[in-house]
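Have a look at the structure below, then the notes.
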Amino acid sequence: MAKAYAESQHYVCERCGNRSFVGTGKPPRFIVHHRVHLTPENVKDDNVVYGWDNLELLCIYCHNAVHGQGLDREVLFDDEGQPVGLINHNTISKTK
């Protein structure tokens with residue numbers, strides 16, 4: 001499902017249009033983000049989990065900004081897009 005959605009968006013970040021990673025020297029990485037975040041209460045709701053109206057293709061930088069918004073933290077992901085930790089920029093420590 002995530003790959004099909006990413007292909008439907010032509011691998012263009014829906015927030016920055018791929019401007020976030022230009023000049024970083026790193027290959028672009030994308031995450032299919034749920035606009036309404038998944039919770040134990042809604043994880044069985046197919047419209048929330050699988051509905052394309054609830055999905056948004058984001059580059060890793062925009063995705064980190066969404067999840068760290070106002071919290072001075074950054075979510076770290078592995079090459080498959082799985083979360084692997086957080087960086088709290090207030091304390092500069094990595095937690096898993």
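In the structure tokens, the first chain shown is A, the next is B, and so on; residue numbers restart at 1 for each chain, and ligands run from 1 in the order shown.
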Can you pull out every residue from stretch 1-80 of chain A that DSSP, working from the backbone, puts in strand (DSSP E), and format the result as a list of chain:residue names? A:Phe30, A:Ile31, A:Val32, A:His33, A:His34, A:Leu55, A:Glu56, A:Leu57, A:Leu58, A:Cys59, A:Arg73, A:Glu74, A:Val75, A:Leu76, A:Phe77
Export, as a CSV table (one decimal), in the first residue's frame, the selected residues with all heavy atoms.
```csv
chain,number,residue,atom,x,y,z
A,30,PHE,N,11.7,8.7,1.7
A,30,PHE,CA,10.3,9.1,1.8
A,30,PHE,C,9.6,8.2,2.8
A,30,PHE,O,9.9,7.1,3.0
A,30,PHE,CB,9.6,9.0,0.5
A,30,PHE,CG,10.2,10.0,-0.5
A,30,PHE,CD1,11.2,9.6,-1.4
A,30,PHE,CD2,9.7,11.3,-0.5
A,30,PHE,CE1,11.7,10.5,-2.3
A,30,PHE,CE2,10.3,12.2,-1.4
A,30,PHE,CZ,11.2,11.8,-2.3
A,31,ILE,N,8.6,8.8,3.5
A,31,ILE,CA,7.7,8.1,4.4
A,31,ILE,C,6.3,8.4,4.0
A,31,ILE,O,5.9,9.5,3.7
A,31,ILE,CB,7.9,8.6,5.9
A,31,ILE,CG1,9.4,8.5,6.3
A,31,ILE,CG2,7.0,8.0,6.8
A,31,ILE,CD1,9.9,7.2,6.6
A,32,VAL,N,5.5,7.3,4.0
A,32,VAL,CA,4.0,7.5,3.8
A,32,VAL,C,3.5,7.8,5.2
A,32,VAL,O,3.5,6.9,6.0
A,32,VAL,CB,3.4,6.3,3.1
A,32,VAL,CG1,1.9,6.6,3.0
A,32,VAL,CG2,3.9,6.2,1.7
A,33,HIS,N,3.1,9.0,5.4
A,33,HIS,CA,2.6,9.5,6.7
A,33,HIS,C,1.1,9.5,6.8
A,33,HIS,O,0.4,9.8,5.9
A,33,HIS,CB,3.1,11.0,6.8
A,33,HIS,CG,2.6,11.7,8.0
A,33,HIS,ND1,3.0,11.5,9.3
A,33,HIS,CD2,1.7,12.7,8.1
A,33,HIS,CE1,2.4,12.3,10.1
A,33,HIS,NE2,1.6,13.1,9.4
A,34,HIS,N,0.6,9.1,8.0
A,34,HIS,CA,-0.8,9.2,8.3
A,34,HIS,C,-1.1,10.6,8.8
A,34,HIS,O,-0.6,11.0,9.9
A,34,HIS,CB,-1.2,8.1,9.3
A,34,HIS,CG,-1.2,6.7,8.8
A,34,HIS,ND1,0.0,6.0,8.8
A,34,HIS,CD2,-2.1,6.0,8.1
A,34,HIS,CE1,-0.2,4.8,8.3
A,34,HIS,NE2,-1.5,4.8,7.8
A,55,LEU,N,-3.4,9.7,3.9
A,55,LEU,CA,-2.0,9.5,3.6
A,55,LEU,C,-1.4,10.7,3.0
A,55,LEU,O,-2.1,11.5,2.4
A,55,LEU,CB,-1.8,8.3,2.7
A,55,LEU,CG,-2.3,7.0,3.2
A,55,LEU,CD1,-2.0,5.9,2.2
A,55,LEU,CD2,-1.8,6.6,4.6
A,56,GLU,N,-0.1,10.9,3.3
A,56,GLU,CA,0.7,12.0,2.7
A,56,GLU,C,2.1,11.5,2.5
A,56,GLU,O,2.7,10.9,3.5
A,56,GLU,CB,0.6,13.1,3.8
A,56,GLU,CG,1.3,14.4,3.3
A,56,GLU,CD,1.2,15.5,4.3
A,56,GLU,OE1,1.0,15.2,5.5
A,56,GLU,OE2,1.2,16.7,3.9
A,57,LEU,N,2.7,11.7,1.4
A,57,LEU,CA,4.0,11.3,1.1
A,57,LEU,C,4.9,12.5,1.5
A,57,LEU,O,4.8,13.6,1.1
A,57,LEU,CB,4.3,11.0,-0.4
A,57,LEU,CG,5.7,10.5,-0.7
A,57,LEU,CD1,5.9,9.1,-0.1
A,57,LEU,CD2,5.9,10.4,-2.2
A,58,LEU,N,5.8,12.1,2.5
A,58,LEU,CA,6.8,13.2,3.0
A,58,LEU,C,8.2,12.7,2.9
A,58,LEU,O,8.5,11.5,3.1
A,58,LEU,CB,6.5,13.4,4.5
A,58,LEU,CG,5.1,13.9,4.9
A,58,LEU,CD1,5.0,14.1,6.4
A,58,LEU,CD2,4.8,15.2,4.2
A,59,CYS,N,9.1,13.6,2.6
A,59,CYS,CA,10.5,13.3,2.7
A,59,CYS,C,10.8,13.1,4.1
A,59,CYS,O,10.1,13.5,5.0
A,59,CYS,CB,11.4,14.4,2.0
A,59,CYS,SG,11.4,15.9,2.9
A,73,ARG,N,12.6,17.8,18.9
A,73,ARG,CA,13.1,16.4,18.8
A,73,ARG,C,13.0,16.0,17.4
A,73,ARG,O,12.2,16.6,16.6
A,73,ARG,CB,12.4,15.5,19.7
A,73,ARG,CG,10.9,15.2,19.4
A,73,ARG,CD,10.3,14.3,20.3
A,73,ARG,NE,8.9,14.0,19.8
A,73,ARG,CZ,8.2,13.0,20.2
A,73,ARG,NH1,8.6,12.2,21.2
A,73,ARG,NH2,7.0,12.8,19.7
A,74,GLU,N,13.7,15.0,17.0
A,74,GLU,CA,13.8,14.5,15.7
A,74,GLU,C,13.6,12.9,15.7
A,74,GLU,O,14.3,12.3,16.5
A,74,GLU,CB,15.1,14.8,15.0
A,74,GLU,CG,15.3,14.4,13.6
A,74,GLU,CD,16.7,14.8,13.1
A,74,GLU,OE1,17.4,15.5,13.8
A,74,GLU,OE2,17.0,14.4,12.0
A,75,VAL,N,12.8,12.4,14.9
A,75,VAL,CA,12.6,11.0,14.8
A,75,VAL,C,13.6,10.4,13.9
A,75,VAL,O,13.7,10.9,12.8
A,75,VAL,CB,11.1,10.6,14.4
A,75,VAL,CG1,10.9,9.1,14.3
A,75,VAL,CG2,10.1,11.2,15.3
A,76,LEU,N,14.3,9.3,14.2
A,76,LEU,CA,15.2,8.7,13.4
A,76,LEU,C,14.6,7.4,12.8
A,76,LEU,O,13.9,6.7,13.4
A,76,LEU,CB,16.5,8.3,14.2
A,76,LEU,CG,17.2,9.5,14.9
A,76,LEU,CD1,18.3,8.9,15.8
A,76,LEU,CD2,17.7,10.5,13.8
A,77,PHE,N,14.9,7.2,11.5
A,77,PHE,CA,14.4,6.0,10.8
A,77,PHE,C,15.5,5.2,10.1
A,77,PHE,O,16.5,5.8,9.7
A,77,PHE,CB,13.4,6.5,9.7
A,77,PHE,CG,12.2,7.2,10.2
A,77,PHE,CD1,12.2,8.6,10.4
A,77,PHE,CD2,11.1,6.5,10.6
A,77,PHE,CE1,11.1,9.2,10.9
A,77,PHE,CE2,10.0,7.1,11.1
A,77,PHE,CZ,10.0,8.5,11.3
```
Find the residues around stretch 17-22 of chain A up to 7 Å (only C-alpha atoms counted), leave out those fewer than 3 positions away in its own chain, and share them as a PyMOL selection string. chain A and resi 12-14+28+59+61
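Between A:Leu38 and the residues A:Thr24, A:Asn54, A:Cys62, A:Asp78, the shortest atom-to-atom distance, using only C-alpha atoms, involves A:Asn54.
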Shortest interatomic distance to A:Gly51 - which of A:His10, A:Ala65, A:Pro27, A:Arg35, counting only C-alpha atoms: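 Looking at the shortest contact to A:Gly51, the residue is A:Arg35.
Residue nearest A:Ala4 within the list A:Lys26, A:Asn42, A:Trp52, A:Asn47: A:Trp52 [criterion: smallest interatomic distance, only C-alpha atoms].
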Per DSSP on the backbone, filter stretch 7-65 of chain A down to the residues in helix (DSSP H, G or I) and report them as number ranges by chain. A: 7-8, 46-49, 52-54, 60-65
